[in-house]
Amino acid sequence: MKVSQLPYERFDCVKGAKDIYECVDGIKRANNVEEVIAWHDKAVEIVSHFSTMASLANMRFTLNTFDEFYLKEKTYYDEQSPEFSLAYNEIGKAMLQSKFIDELKRKLNPLIFEKYRIMEASSDPRIVEDKQKEAAICVEYNQLMSGMSFEFKGKEMPLSVLRGYFGSSDREERKAACIALGKGLAEHKAELDDIYDRLVKVRDAQAKKLGFDNYVKLGYLNMERMDYDRDMVEQFRRNVVEKLVPVICKLKEEIKNKLGIDEFMFYDDAVSFVDGEPKPKLDKEGIFKAAQEAYDEMDEEIGKFMRSMQEDEAFDVDSRKGKWGGGYCTNFSDFKQTFILANFNGSSDDIDVVTHEFGHALAMNYAFDGDPELFIGGNETAECHSMSMEFLVWPFMDKFFDEPQKYKFKHLMSSLSFIPYGCIVDEFQHIVYENPQLTPKERNEVYLKLEHKYRPYLSFSGLPYLEEGTRWQYQMHIFESPFYYIDYCLAQTIALSFLVASRYDYKDALRRYKEFAEKGGRVPFGRLCKEAGFLSPFEKGALDKVAAEIPQILKELN
């Protein structure tokens, strides 16, 4: 069945919640552990159906954010999800309080019970209305950014297309593109500030109602982090400043000299070569054909899965007005089907899509046969699946580029320098939610200070609006998924470790990657890293190796 043919029917959340509460009663009345598990499994099946229909509605909304039918459907789930989640939370409570708890922990994965504890701490009827408001505000932001157009080269274009010019070999052209970006955002300054103000306040209100000092703790609970906390993340960011920032500054200085420029500007950050950045030699159809060949050669099983996704038309990569401007991979569990949305713009980013998002899809496909409650694991684990796949496709880059070495250099340089940027986003959010009273101007000042801390080589001077510290306003995660972004940084260190391993023994690295992905959420992140043969990003020395080996690989590629 094609993805476009997947049948959609609105999930009745009221009836669904009623059915969940029936399962709760069943768990409480059960006479033995088998009965408990039977009622538990029935509840999981109900939640899976809810998730499938909600994901379908959201996917079709992002394909066209002005589609009135799916806008209404998305709004319905945004309004009903908090209430339905409360019902599911009662399943967790009943399981935790079951008199058969010891037997349950032997028969089910213990991580499920840790998830239940997190759910219990972050879910409460008192914040249902606030969560509904939060979801509605996110839709406002989504529609604002999807409908925003930027005037450039005599044309109106969406942000996803404009960003394709940031890597132009013509410095004046990429400067003009960034000026167009700043001017376009400035036209919506009041709306962007207002939307974020309301998001910060409604999230802070939720935290206060649950007894937290601020939203940070609740944000971590919402991310379902099981084996690392705020202090460990803070230590990771310190290590980035100490170990990676000096290395990246040196590498950027070398690029600046190669480009022959006096000051490294924001519009120079995506550029590594005087004669132009690597661009795919293929159009959309060619990229998918080459990707299929690459995955067939990589691994028979992986190639078969890629073929099934193409046959199911599980990709939408054309950029158009009204379409959600980012990229994602999602799944529809009832149908065991994955789907990838992206916005091709003719740059090397298009290749990153068919590697990064495909890594997510592959792990999801493995997880369909695993534990539905734990699925692929936390976001830090999920991003390991995607970012590592980007590097495991390196041996096949000649299929996509005339100069694959140039792509590899750009890709690796971008991956390494991304880590400090991701830390900016994360620390920015910590400061904002710890100080919800900050004005828009003060938030922008915080952001600029963090840019100087993590990317001291970079300047926004002279760029309209952006020089005020507003780069963060088109980073969708900051609005829609608070505290998600650091997971990219953690995963990037593991992805770089897979790259290093693949250079020594590719087949063994691929085997370890598949094992990592197949385990999904059934194993906590730290243990997953150890079983794959790597240090956890939080361990002493994890960034030392990256700081030492990656510059050497870049030198070889250059």
# chains A, B, ... in the order shown; residues from 1 in each chain; ligands from 1
$ closest_atom_pairs --of "region 310-429 of chain A" --to "region 244-262 of chain A" --cutoff "9 Å" --atoms "only C-alpha atoms" --output "CSV"
residue,atom,partner,partner_atom,distance
A:Met413,CA,A:Leu251,CA,8.5
A:Leu416,CA,A:Ile248,CA,7.6
A:Ser417,CA,A:Ile248,CA,6.3
A:Ile419,CA,A:Leu244,CA,8.4
A:Pro420,CA,A:Val245,CA,6.9
$ residues_around --residues "region 67-76 of chain A" --least-positions-apart "2" --cutoff "12 Å" --atoms "only C-alpha atoms" --output "compact mmCIF listing (two decimals) with all heavy atoms, in the first residue's frame"
# COMPACT_ATOMS: atom_id res chain seq x y z
N TYR A 8 -7.16 6.72 6.74
CA TYR A 8 -7.21 7.56 7.94
C TYR A 8 -8.64 7.65 8.46
O TYR A 8 -9.58 7.86 7.70
CB TYR A 8 -6.70 8.98 7.65
CG TYR A 8 -6.94 9.90 8.82
CD1 TYR A 8 -6.14 9.82 9.95
CD2 TYR A 8 -8.01 10.79 8.82
CE1 TYR A 8 -6.39 10.62 11.06
CE2 TYR A 8 -8.27 11.60 9.93
CZ TYR A 8 -7.45 11.50 11.04
OH TYR A 8 -7.70 12.28 12.15
N GLU A 9 -8.77 7.51 9.74
CA GLU A 9 -10.04 7.73 10.41
C GLU A 9 -9.75 8.32 11.78
O GLU A 9 -8.89 7.80 12.51
CB GLU A 9 -10.81 6.41 10.58
CG GLU A 9 -12.16 6.57 11.24
CD GLU A 9 -12.91 5.26 11.39
OE1 GLU A 9 -12.30 4.19 11.14
OE2 GLU A 9 -14.10 5.29 11.74
N ARG A 10 -10.42 9.41 12.09
CA ARG A 10 -10.15 10.07 13.37
C ARG A 10 -10.31 9.10 14.53
O ARG A 10 -11.32 8.40 14.64
CB ARG A 10 -11.07 11.27 13.57
CG ARG A 10 -10.88 11.95 14.91
CD ARG A 10 -11.87 13.07 15.14
NE ARG A 10 -11.49 14.27 14.41
CZ ARG A 10 -12.08 15.46 14.62
NH1 ARG A 10 -13.05 15.57 15.51
NH2 ARG A 10 -11.71 16.52 13.92
N PHE A 11 -9.28 9.03 15.38
CA PHE A 11 -9.33 8.19 16.57
C PHE A 11 -10.22 8.88 17.60
O PHE A 11 -10.02 10.05 17.92
CB PHE A 11 -7.91 8.01 17.12
CG PHE A 11 -7.84 7.18 18.37
CD1 PHE A 11 -7.72 5.80 18.31
CD2 PHE A 11 -7.88 7.79 19.63
CE1 PHE A 11 -7.64 5.04 19.47
CE2 PHE A 11 -7.81 7.04 20.79
CZ PHE A 11 -7.68 5.66 20.70
N ASP A 12 -11.18 8.15 18.11
CA ASP A 12 -12.10 8.69 19.12
C ASP A 12 -11.37 8.68 20.47
O ASP A 12 -11.30 7.65 21.15
CB ASP A 12 -13.37 7.84 19.17
CG ASP A 12 -14.44 8.45 20.09
OD1 ASP A 12 -14.07 9.19 21.02
OD2 ASP A 12 -15.62 8.16 19.88
N CYS A 13 -10.84 9.82 20.86
CA CYS A 13 -10.04 9.89 22.08
C CYS A 13 -10.86 9.66 23.34
O CYS A 13 -10.35 9.13 24.34
CB CYS A 13 -9.32 11.24 22.15
SG CYS A 13 -8.00 11.42 20.93
N VAL A 14 -12.12 10.07 23.31
CA VAL A 14 -12.98 9.85 24.49
C VAL A 14 -13.20 8.35 24.70
O VAL A 14 -13.04 7.82 25.80
CB VAL A 14 -14.32 10.58 24.32
CG1 VAL A 14 -15.26 10.22 25.48
CG2 VAL A 14 -14.10 12.08 24.27
N MET A 53 -2.99 7.11 13.93
CA MET A 53 -3.90 8.09 13.34
C MET A 53 -3.41 9.51 13.57
O MET A 53 -3.50 10.36 12.67
CB MET A 53 -5.32 7.91 13.90
CG MET A 53 -5.98 6.60 13.49
SD MET A 53 -6.13 6.41 11.69
CE MET A 53 -5.12 4.94 11.41
N ALA A 54 -2.86 9.78 14.74
CA ALA A 54 -2.34 11.12 15.01
C ALA A 54 -1.15 11.43 14.11
O ALA A 54 -1.01 12.55 13.60
CB ALA A 54 -1.93 11.24 16.48
N SER A 55 -0.30 10.42 13.88
CA SER A 55 0.87 10.62 13.00
C SER A 55 0.46 10.82 11.55
O SER A 55 1.05 11.63 10.83
CB SER A 55 1.82 9.41 13.11
OG SER A 55 2.38 9.33 14.39
N LEU A 56 -0.55 10.08 11.13
CA LEU A 56 -1.06 10.27 9.76
C LEU A 56 -1.61 11.68 9.57
O LEU A 56 -1.34 12.34 8.56
CB LEU A 56 -2.16 9.25 9.46
CG LEU A 56 -1.75 7.93 8.79
CD1 LEU A 56 -2.95 7.00 8.69
CD2 LEU A 56 -1.17 8.18 7.41
N ALA A 57 -2.37 12.13 10.54
CA ALA A 57 -2.95 13.47 10.45
C ALA A 57 -1.85 14.53 10.42
O ALA A 57 -1.89 15.48 9.62
CB ALA A 57 -3.90 13.72 11.61
N ASN A 58 -0.86 14.37 11.29
CA ASN A 58 0.22 15.34 11.34
C ASN A 58 1.03 15.33 10.05
O ASN A 58 1.40 16.39 9.52
CB ASN A 58 1.14 15.03 12.53
CG ASN A 58 2.25 16.06 12.66
OD1 ASN A 58 2.02 17.22 13.01
ND2 ASN A 58 3.47 15.65 12.35
N MET A 59 1.32 14.15 9.52
CA MET A 59 2.08 14.05 8.27
C MET A 59 1.37 14.77 7.15
O MET A 59 1.97 15.57 6.41
CB MET A 59 2.31 12.58 7.92
CG MET A 59 3.08 12.34 6.62
SD MET A 59 2.03 12.19 5.15
CE MET A 59 1.34 10.56 5.38
N ARG A 60 0.08 14.52 7.01
CA ARG A 60 -0.66 15.14 5.90
C ARG A 60 -0.84 16.64 6.12
O ARG A 60 -0.90 17.40 5.15
CB ARG A 60 -1.98 14.40 5.71
CG ARG A 60 -1.73 13.01 5.12
CD ARG A 60 -2.93 12.13 5.02
NE ARG A 60 -2.54 10.85 4.41
CZ ARG A 60 -3.23 9.73 4.50
NH1 ARG A 60 -4.37 9.71 5.18
NH2 ARG A 60 -2.81 8.63 3.92
N PHE A 61 -0.84 17.07 7.36
CA PHE A 61 -0.86 18.51 7.64
C PHE A 61 0.46 19.15 7.21
O PHE A 61 0.46 20.22 6.60
CB PHE A 61 -1.10 18.75 9.13
CG PHE A 61 -0.78 20.14 9.58
CD1 PHE A 61 -1.61 21.20 9.25
CD2 PHE A 61 0.36 20.41 10.33
CE1 PHE A 61 -1.32 22.50 9.66
CE2 PHE A 61 0.66 21.70 10.75
CZ PHE A 61 -0.18 22.74 10.40
N THR A 62 1.59 18.50 7.50
CA THR A 62 2.88 19.10 7.15
C THR A 62 3.11 19.13 5.64
O THR A 62 3.88 19.94 5.15
CB THR A 62 4.04 18.36 7.83
OG1 THR A 62 4.02 16.97 7.46
CG2 THR A 62 3.97 18.48 9.34
N LEU A 63 2.45 18.24 4.91
CA LEU A 63 2.57 18.29 3.45
C LEU A 63 1.94 19.56 2.90
O LEU A 63 2.36 20.08 1.86
CB LEU A 63 1.90 17.06 2.83
CG LEU A 63 2.55 15.70 3.12
CD1 LEU A 63 1.75 14.60 2.45
CD2 LEU A 63 4.00 15.67 2.67
N ASN A 64 0.92 20.05 3.59
CA ASN A 64 0.27 21.29 3.20
C ASN A 64 -0.36 21.89 4.44
O ASN A 64 -1.45 21.50 4.85
CB ASN A 64 -0.80 21.05 2.13
CG ASN A 64 -1.55 22.33 1.76
OD1 ASN A 64 -1.15 23.42 2.16
ND2 ASN A 64 -2.63 22.19 1.02
N THR A 65 0.34 22.83 5.05
CA THR A 65 -0.12 23.38 6.33
C THR A 65 -1.38 24.23 6.19
O THR A 65 -1.91 24.72 7.19
CB THR A 65 0.99 24.22 7.00
OG1 THR A 65 1.35 25.31 6.14
CG2 THR A 65 2.22 23.37 7.29
N ASP A 78 -4.02 17.67 19.05
CA ASP A 78 -3.32 18.56 19.97
C ASP A 78 -4.18 18.84 21.20
O ASP A 78 -3.67 18.93 22.33
CB ASP A 78 -2.98 19.89 19.28
CG ASP A 78 -1.85 19.75 18.28
OD1 ASP A 78 -1.13 18.73 18.34
OD2 ASP A 78 -1.69 20.64 17.43
N GLU A 79 -5.48 18.96 21.00
CA GLU A 79 -6.39 19.25 22.12
C GLU A 79 -6.68 18.01 22.96
O GLU A 79 -6.82 18.09 24.19
CB GLU A 79 -7.70 19.83 21.59
CG GLU A 79 -7.54 21.22 20.96
CD GLU A 79 -8.82 21.71 20.31
OE1 GLU A 79 -9.76 20.89 20.15
OE2 GLU A 79 -8.88 22.90 19.96
N GLN A 80 -6.78 16.86 22.30
CA GLN A 80 -7.18 15.64 22.99
C GLN A 80 -6.02 14.83 23.57
O GLN A 80 -6.20 14.06 24.51
CB GLN A 80 -7.99 14.74 22.04
CG GLN A 80 -9.30 15.35 21.57
CD GLN A 80 -10.28 15.55 22.71
OE1 GLN A 80 -10.37 14.74 23.62
NE2 GLN A 80 -11.00 16.66 22.66
N SER A 81 -4.84 15.01 23.00
CA SER A 81 -3.69 14.20 23.43
C SER A 81 -3.40 14.29 24.93
O SER A 81 -3.13 13.26 25.57
CB SER A 81 -2.44 14.58 22.63
OG SER A 81 -2.57 14.17 21.30
N PRO A 82 -3.41 15.49 25.52
CA PRO A 82 -3.12 15.55 26.97
C PRO A 82 -4.09 14.72 27.80
O PRO A 82 -3.68 14.04 28.75
CB PRO A 82 -3.24 17.05 27.28
CG PRO A 82 -2.93 17.73 25.98
CD PRO A 82 -3.54 16.84 24.94
N GLU A 83 -5.39 14.78 27.46
CA GLU A 83 -6.38 13.99 28.19
C GLU A 83 -6.15 12.49 27.98
O GLU A 83 -6.21 11.70 28.92
CB GLU A 83 -7.79 14.37 27.73
CG GLU A 83 -8.25 15.75 28.17
CD GLU A 83 -8.71 15.76 29.62
OE1 GLU A 83 -8.59 14.73 30.31
OE2 GLU A 83 -9.19 16.82 30.06
N PHE A 84 -5.86 12.12 26.73
CA PHE A 84 -5.64 10.71 26.44
C PHE A 84 -4.37 10.22 27.14
O PHE A 84 -4.33 9.09 27.64
CB PHE A 84 -5.52 10.51 24.93
CG PHE A 84 -5.38 9.07 24.51
CD1 PHE A 84 -6.47 8.22 24.52
CD2 PHE A 84 -4.14 8.57 24.14
CE1 PHE A 84 -6.35 6.89 24.15
CE2 PHE A 84 -4.00 7.24 23.78
CZ PHE A 84 -5.11 6.39 23.78
N GLN A 132 -2.56 21.95 25.97
CA GLN A 132 -3.36 22.23 24.77
C GLN A 132 -3.01 23.61 24.19
O GLN A 132 -2.88 23.77 22.98
CB GLN A 132 -4.85 22.16 25.13
CG GLN A 132 -5.34 20.76 25.46
CD GLN A 132 -6.73 20.73 26.08
OE1 GLN A 132 -7.18 21.72 26.66
NE2 GLN A 132 -7.40 19.60 25.97
N LYS A 133 -2.83 24.59 25.07
CA LYS A 133 -2.42 25.92 24.62
C LYS A 133 -1.05 25.86 23.96
O LYS A 133 -0.82 26.48 22.92
CB LYS A 133 -2.38 26.89 25.81
CG LYS A 133 -3.73 27.27 26.37
CD LYS A 133 -3.56 28.22 27.55
CE LYS A 133 -4.89 28.60 28.18
NZ LYS A 133 -4.72 29.47 29.38
N GLU A 134 -0.14 25.12 24.57
CA GLU A 134 1.22 24.98 24.04
C GLU A 134 1.18 24.42 22.62
O GLU A 134 1.85 24.93 21.70
CB GLU A 134 2.04 24.06 24.95
CG GLU A 134 3.44 23.80 24.44
CD GLU A 134 4.18 22.77 25.30
OE1 GLU A 134 3.61 22.31 26.32
OE2 GLU A 134 5.31 22.42 24.94
N ALA A 135 0.40 23.36 22.42
CA ALA A 135 0.31 22.74 21.10
C ALA A 135 -0.27 23.72 20.07
O ALA A 135 0.19 23.79 18.92
CB ALA A 135 -0.55 21.48 21.17
N ALA A 136 -1.27 24.49 20.48
CA ALA A 136 -1.89 25.44 19.57
C ALA A 136 -0.89 26.53 19.16
O ALA A 136 -0.85 26.97 17.99
CB ALA A 136 -3.12 26.06 20.21
N ILE A 137 -0.08 26.98 20.10
CA ILE A 137 0.92 28.01 19.79
C ILE A 137 1.98 27.46 18.84
O ILE A 137 2.44 28.16 17.93
CB ILE A 137 1.58 28.54 21.08
CG1 ILE A 137 0.53 29.17 22.00
CG2 ILE A 137 2.64 29.59 20.75
CD1 ILE A 137 1.03 29.48 23.40
N CYS A 138 2.35 26.20 19.02
CA CYS A 138 3.32 25.57 18.11
C CYS A 138 2.77 25.51 16.68
O CYS A 138 3.52 25.69 15.72
CB CYS A 138 3.67 24.16 18.59
SG CYS A 138 4.78 24.14 20.03
N VAL A 139 1.47 25.28 16.56
CA VAL A 139 0.85 25.29 15.23
C VAL A 139 0.95 26.69 14.62
O VAL A 139 1.23 26.84 13.43
CB VAL A 139 -0.62 24.84 15.30
CG1 VAL A 139 -1.32 25.08 13.96
CG2 VAL A 139 -0.70 23.35 15.67
N GLU A 140 0.77 27.72 15.44
CA GLU A 140 0.92 29.09 14.96
C GLU A 140 2.31 29.30 14.38
O GLU A 140 2.47 29.88 13.29
CB GLU A 140 0.71 30.09 16.11
CG GLU A 140 -0.71 30.40 16.48
CD GLU A 140 -0.77 31.50 17.51
OE1 GLU A 140 -0.28 32.62 17.22
OE2 GLU A 140 -1.27 31.25 18.62
N ASN A 142 4.41 27.02 13.37
CA ASN A 142 4.54 26.15 12.21
C ASN A 142 3.97 26.80 10.96
O ASN A 142 4.61 26.84 9.90
CB ASN A 142 3.80 24.84 12.51
CG ASN A 142 4.19 23.71 11.62
OD1 ASN A 142 4.12 23.83 10.40
ND2 ASN A 142 4.59 22.59 12.21
N GLN A 143 2.78 27.34 11.09
CA GLN A 143 2.14 27.96 9.93
C GLN A 143 2.83 29.26 9.54
O GLN A 143 2.94 29.57 8.35
CB GLN A 143 0.66 28.22 10.23
CG GLN A 143 -0.18 26.95 10.30
CD GLN A 143 -1.66 27.23 10.37
OE1 GLN A 143 -2.11 27.93 11.27
NE2 GLN A 143 -2.41 26.70 9.43
N GLY A 322 3.80 26.42 1.67
CA GLY A 322 2.77 25.78 2.47
C GLY A 322 3.23 24.48 3.09
O GLY A 322 2.63 24.01 4.06
N LYS A 323 4.29 23.90 2.56
CA LYS A 323 4.82 22.66 3.14
C LYS A 323 5.68 23.00 4.34
O LYS A 323 6.38 24.02 4.35
CB LYS A 323 5.64 21.91 2.08
CG LYS A 323 6.23 20.59 2.55
CD LYS A 323 7.02 19.93 1.43
CE LYS A 323 7.70 18.65 1.89
NZ LYS A 323 8.50 18.03 0.82
N TRP A 324 5.63 22.16 5.35
CA TRP A 324 6.47 22.35 6.53
C TRP A 324 7.93 22.44 6.09
O TRP A 324 8.39 21.67 5.25
CB TRP A 324 6.26 21.17 7.49
CG TRP A 324 6.87 21.35 8.85
CD1 TRP A 324 6.42 22.15 9.85
CD2 TRP A 324 8.03 20.69 9.36
NE1 TRP A 324 7.22 22.03 10.96
CE2 TRP A 324 8.22 21.14 10.68
CE3 TRP A 324 8.94 19.77 8.82
CZ2 TRP A 324 9.27 20.70 11.48
CZ3 TRP A 324 9.98 19.33 9.62
CH2 TRP A 324 10.14 19.79 10.94
$ closest_residue --among "A:Glu156, A:Glu427, A:Asp371, A:Asp402" --to "Glu277 (chain A)" --atoms "only C-alpha atoms"
A:Asp402
$ select_by_dssp --residues "region 252-477 of chain A" --states "strand (DSSP E)" --output "PyMOL selection string"
chain A and resi 315-316+328-332+337-341
$ write_last_selection --atoms "all heavy atoms" --output "JSON list (two decimals), in the first residue's frame"
[["chain", "number", "residue", "atom", "x", "y", "z"],
["A", 315, "PHE", "N", 8.50, 8.85, 0.57],
["A", 315, "PHE", "CA", 9.31, 10.06, 0.59],
["A", 315, "PHE", "C", 8.51, 11.20, -0.02],
["A", 315, "PHE", "O", 7.81, 11.02, -1.01],
["A", 315, "PHE", "CB", 10.59, 9.89, -0.26],
["A", 315, "PHE", "CG", 11.58, 8.91, 0.28],
["A", 315, "PHE", "CD1", 11.52, 7.57, -0.07],
["A", 315, "PHE", "CD2", 12.62, 9.33, 1.11],
["A", 315, "PHE", "CE1", 12.45, 6.66, 0.39],
["A", 315, "PHE", "CE2", 13.55, 8.42, 1.58],
["A", 315, "PHE", "CZ", 13.48, 7.09, 1.23],
["A", 316, "ASP", "N", 8.62, 12.38, 0.56],
["A", 316, "ASP", "CA", 8.14, 13.61, -0.07],
["A", 316, "ASP", "C", 9.25, 14.64, 0.14],
["A", 316, "ASP", "O", 9.46, 15.12, 1.25],
["A", 316, "ASP", "CB", 6.83, 14.10, 0.56],
["A", 316, "ASP", "CG", 6.25, 15.29, -0.20],
["A", 316, "ASP", "OD1", 6.98, 16.29, -0.38],
["A", 316, "ASP", "OD2", 5.08, 15.23, -0.61],
["A", 328, "TYR", "N", 11.91, 15.38, 8.50],
["A", 328, "TYR", "CA", 11.69, 14.43, 9.59],
["A", 328, "TYR", "C", 11.43, 13.04, 9.02],
["A", 328, "TYR", "O", 11.15, 12.86, 7.84],
["A", 328, "TYR", "CB", 10.52, 14.85, 10.48],
["A", 328, "TYR", "CG", 9.16, 14.85, 9.81],
["A", 328, "TYR", "CD1", 8.49, 13.65, 9.52],
["A", 328, "TYR", "CD2", 8.50, 16.04, 9.49],
["A", 328, "TYR", "CE1", 7.24, 13.63, 8.92],
["A", 328, "TYR", "CE2", 7.24, 16.03, 8.89],
["A", 328, "TYR", "CZ", 6.62, 14.83, 8.61],
["A", 328, "TYR", "OH", 5.39, 14.81, 8.02],
["A", 329, "CYS", "N", 11.52, 12.08, 9.91],
["A", 329, "CYS", "CA", 11.09, 10.72, 9.62],
["A", 329, "CYS", "C", 10.06, 10.35, 10.68],
["A", 329, "CYS", "O", 10.28, 10.62, 11.87],
["A", 329, "CYS", "CB", 12.27, 9.74, 9.66],
["A", 329, "CYS", "SG", 11.78, 8.02, 9.40],
["A", 330, "THR", "N", 8.95, 9.80, 10.26],
["A", 330, "THR", "CA", 7.92, 9.37, 11.20],
["A", 330, "THR", "C", 7.48, 7.96, 10.85],
["A", 330, "THR", "O", 7.97, 7.37, 9.87],
["A", 330, "THR", "CB", 6.73, 10.34, 11.20],
["A", 330, "THR", "OG1", 5.86, 10.02, 12.29],
["A", 330, "THR", "CG2", 5.94, 10.24, 9.90],
["A", 331, "ASN", "N", 6.57, 7.41, 11.64],
["A", 331, "ASN", "CA", 6.09, 6.05, 11.36],
["A", 331, "ASN", "C", 4.63, 5.93, 11.71],
["A", 331, "ASN", "O", 4.09, 6.71, 12.50],
["A", 331, "ASN", "CB", 6.92, 5.03, 12.15],
["A", 331, "ASN", "CG", 6.59, 5.03, 13.62],
["A", 331, "ASN", "OD1", 5.70, 4.33, 14.09],
["A", 331, "ASN", "ND2", 7.30, 5.87, 14.39],
["A", 332, "PHE", "N", 4.01, 4.95, 11.10],
["A", 332, "PHE", "CA", 2.61, 4.63, 11.34],
["A", 332, "PHE", "C", 2.57, 3.17, 11.79],
["A", 332, "PHE", "O", 2.55, 2.24, 10.98],
["A", 332, "PHE", "CB", 1.79, 4.86, 10.06],
["A", 332, "PHE", "CG", 2.15, 6.15, 9.38],
["A", 332, "PHE", "CD1", 2.79, 6.15, 8.14],
["A", 332, "PHE", "CD2", 1.90, 7.37, 9.99],
["A", 332, "PHE", "CE1", 3.15, 7.34, 7.53],
["A", 332, "PHE", "CE2", 2.25, 8.57, 9.38],
["A", 332, "PHE", "CZ", 2.88, 8.55, 8.14],
["A", 337, "GLN", "N", 4.81, 1.07, 8.83],
["A", 337, "GLN", "CA", 5.24, 1.88, 7.69],
["A", 337, "GLN", "C", 5.97, 3.13, 8.19],
["A", 337, "GLN", "O", 5.53, 3.78, 9.15],
["A", 337, "GLN", "CB", 4.02, 2.30, 6.87],
["A", 337, "GLN", "CG", 4.32, 3.24, 5.72],
["A", 337, "GLN", "CD", 5.16, 2.57, 4.65],
["A", 337, "GLN", "OE1", 4.75, 1.57, 4.07],
["A", 337, "GLN", "NE2", 6.35, 3.11, 4.39],
["A", 338, "THR", "N", 7.07, 3.46, 7.55],
["A", 338, "THR", "CA", 7.80, 4.68, 7.85],
["A", 338, "THR", "C", 7.58, 5.70, 6.74],
["A", 338, "THR", "O", 7.13, 5.36, 5.64],
["A", 338, "THR", "CB", 9.30, 4.41, 7.99],
["A", 338, "THR", "OG1", 9.78, 3.78, 6.79],
["A", 338, "THR", "CG2", 9.59, 3.49, 9.17],
["A", 339, "PHE", "N", 7.91, 6.95, 7.02],
["A", 339, "PHE", "CA", 7.74, 8.02, 6.03],
["A", 339, "PHE", "C", 8.77, 9.11, 6.28],
["A", 339, "PHE", "O", 9.08, 9.43, 7.43],
["A", 339, "PHE", "CB", 6.33, 8.62, 6.12],
["A", 339, "PHE", "CG", 6.14, 9.83, 5.24],
["A", 339, "PHE", "CD1", 5.92, 9.69, 3.88],
["A", 339, "PHE", "CD2", 6.21, 11.12, 5.78],
["A", 339, "PHE", "CE1", 5.76, 10.82, 3.06],
["A", 339, "PHE", "CE2", 6.05, 12.23, 4.98],
["A", 339, "PHE", "CZ", 5.83, 12.08, 3.62],
["A", 340, "ILE", "N", 9.31, 9.68, 5.19],
["A", 340, "ILE", "CA", 10.31, 10.74, 5.28],
["A", 340, "ILE", "C", 9.84, 11.98, 4.53],
["A", 340, "ILE", "O", 9.44, 11.89, 3.36],
["A", 340, "ILE", "CB", 11.67, 10.26, 4.72],
["A", 340, "ILE", "CG1", 12.29, 9.23, 5.66],
["A", 340, "ILE", "CG2", 12.62, 11.45, 4.52],
["A", 340, "ILE", "CD1", 13.54, 8.56, 5.11],
["A", 341, "LEU", "N", 9.87, 13.11, 5.22],
["A", 341, "LEU", "CA", 9.59, 14.40, 4.60],
["A", 341, "LEU", "C", 10.87, 15.22, 4.58],
["A", 341, "LEU", "O", 11.63, 15.21, 5.56],
["A", 341, "LEU", "CB", 8.51, 15.14, 5.37],
["A", 341, "LEU", "CG", 8.17, 16.57, 4.88],
["A", 341, "LEU", "CD1", 6.68, 16.85, 5.02],
["A", 341, "LEU", "CD2", 8.97, 17.64, 5.65]]
$ closest_residue --among "A:Ser347, A:Asn214, A:Ser308, A:Thr439" --to "Leu362 (chain A)" --atoms "only C-alpha atoms"
A:Ser308
$ atom_distance --atom1 "CA of Glu442 (chain A)" --atom2 "CA of Met148 (chain A)"
25.0 Å
$ closest_residue --among "A:Tyr421, A:Tyr267, A:Phe368, A:Lys189" --to "Arg163 (chain A)" --atoms "only C-alpha atoms"
A:Tyr267
$ residues_around --residues "Phe396 (chain A)" --least-positions-apart "4" --cutoff "9 Å" --atoms "only C-alpha atoms" --output "ChimeraX atom specification"
/A:290-291,293-295,297-298,392,400,404
$ residues_around --residues "region 479-487 of chain A" --least-positions-apart "5" --cutoff "10 Å" --atoms "only C-alpha atoms" --output "VMD selection string"
chain A and resid 134 to 135 137 to 139 141 to 142 192 195 to 196 199 to 200 203 215 to 216 219 to 220 222 to 223 233 236 to 237 378 to 384 419 to 430 433 472 to 474 492
$ closest_residue --among "A:Arg117, A:Asp508, A:Phe273, A:Asp334" --to "Leu6 (chain A)" --atoms "only C-alpha atoms"
A:Asp334
$ residues_around --residues "Lys93 (chain A)" --least-positions-apart "5" --cutoff "10 Å" --atoms "only C-alpha atoms" --output "PDB file with C-alpha atoms, in the first residue's frame"
ATOM      1  CA  VAL A  24      -6.504  -0.108  34.223  1.00  0.00           C
ATOM      2  CA  TYR A  88      -2.325   6.036  29.546  1.00  0.00           C
ATOM      3  CA  SER A  98       0.619  -4.093  40.982  1.00  0.00           C
ATOM      4  CA  PHE A 113       8.860   0.806  34.587  1.00  0.00           C
ATOM      5  CA  TYR A 116       6.180   4.810  33.816  1.00  0.00           C
ATOM      6  CA  ARG A 117       7.860   6.677  36.687  1.00  0.00           C
ATOM      7  CA  MET A 119       5.235   9.629  32.945  1.00  0.00           C
ATOM      8  CA  GLU A 120       3.820   9.820  36.443  1.00  0.00           C
TER       9      GLU A 120
END
$ atom_distance --atom1 "CA of Lys217 (chain A)" --atom2 "CA of Pro440 (chain A)"
22.9 Å
$ select_by_dssp --residues "region 264-319 of chain A" --states "helix (DSSP H, G or I)" --output "PyMOL selection string"
chain A and resi 266-268+284-298+300-311
$ closest_residue --among "A:Ser536, A:Gln552, A:Glu390, A:Leu466" --to "Tyr513 (chain A)" --atoms "only C-alpha atoms"
A:Glu390
$ atom_distance --atom1 "CA of Cys178 (chain A)" --atom2 "CA of Glu467 (chain A)"
10.9 Å
$ residues_around --residues "Lys519 (chain A)" --least-positions-apart "5" --cutoff "12 Å" --atoms "only C-alpha atoms" --output "PyMOL selection string"
chain A and resi 363-371+374-377+381-382+385+512-514+524-525+527-529+531-532
$ decode --residues "region 147-152 of chain A" --atoms "C-alpha atoms" --output "mmCIF file, in the first residue's frame"
data_model
loop_
_atom_site.group_PDB
_atom_site.id
_atom_site.type_symbol
_atom_site.label_atom_id
_atom_site.label_comp_id
_atom_site.auth_asym_id
_atom_site.auth_seq_id
_atom_site.Cartn_x
_atom_site.Cartn_y
_atom_site.Cartn_z
ATOM 1 C CA GLY A 147 3.965 30.483 4.894
ATOM 2 C CA MET A 148 6.912 32.868 5.223
ATOM 3 C CA SER A 149 8.539 33.873 1.938
ATOM 4 C CA PHE A 150 11.803 35.727 1.306
ATOM 5 C CA GLU A 151 12.568 38.090 -1.560
ATOM 6 C CA PHE A 152 15.811 37.100 -3.270
#
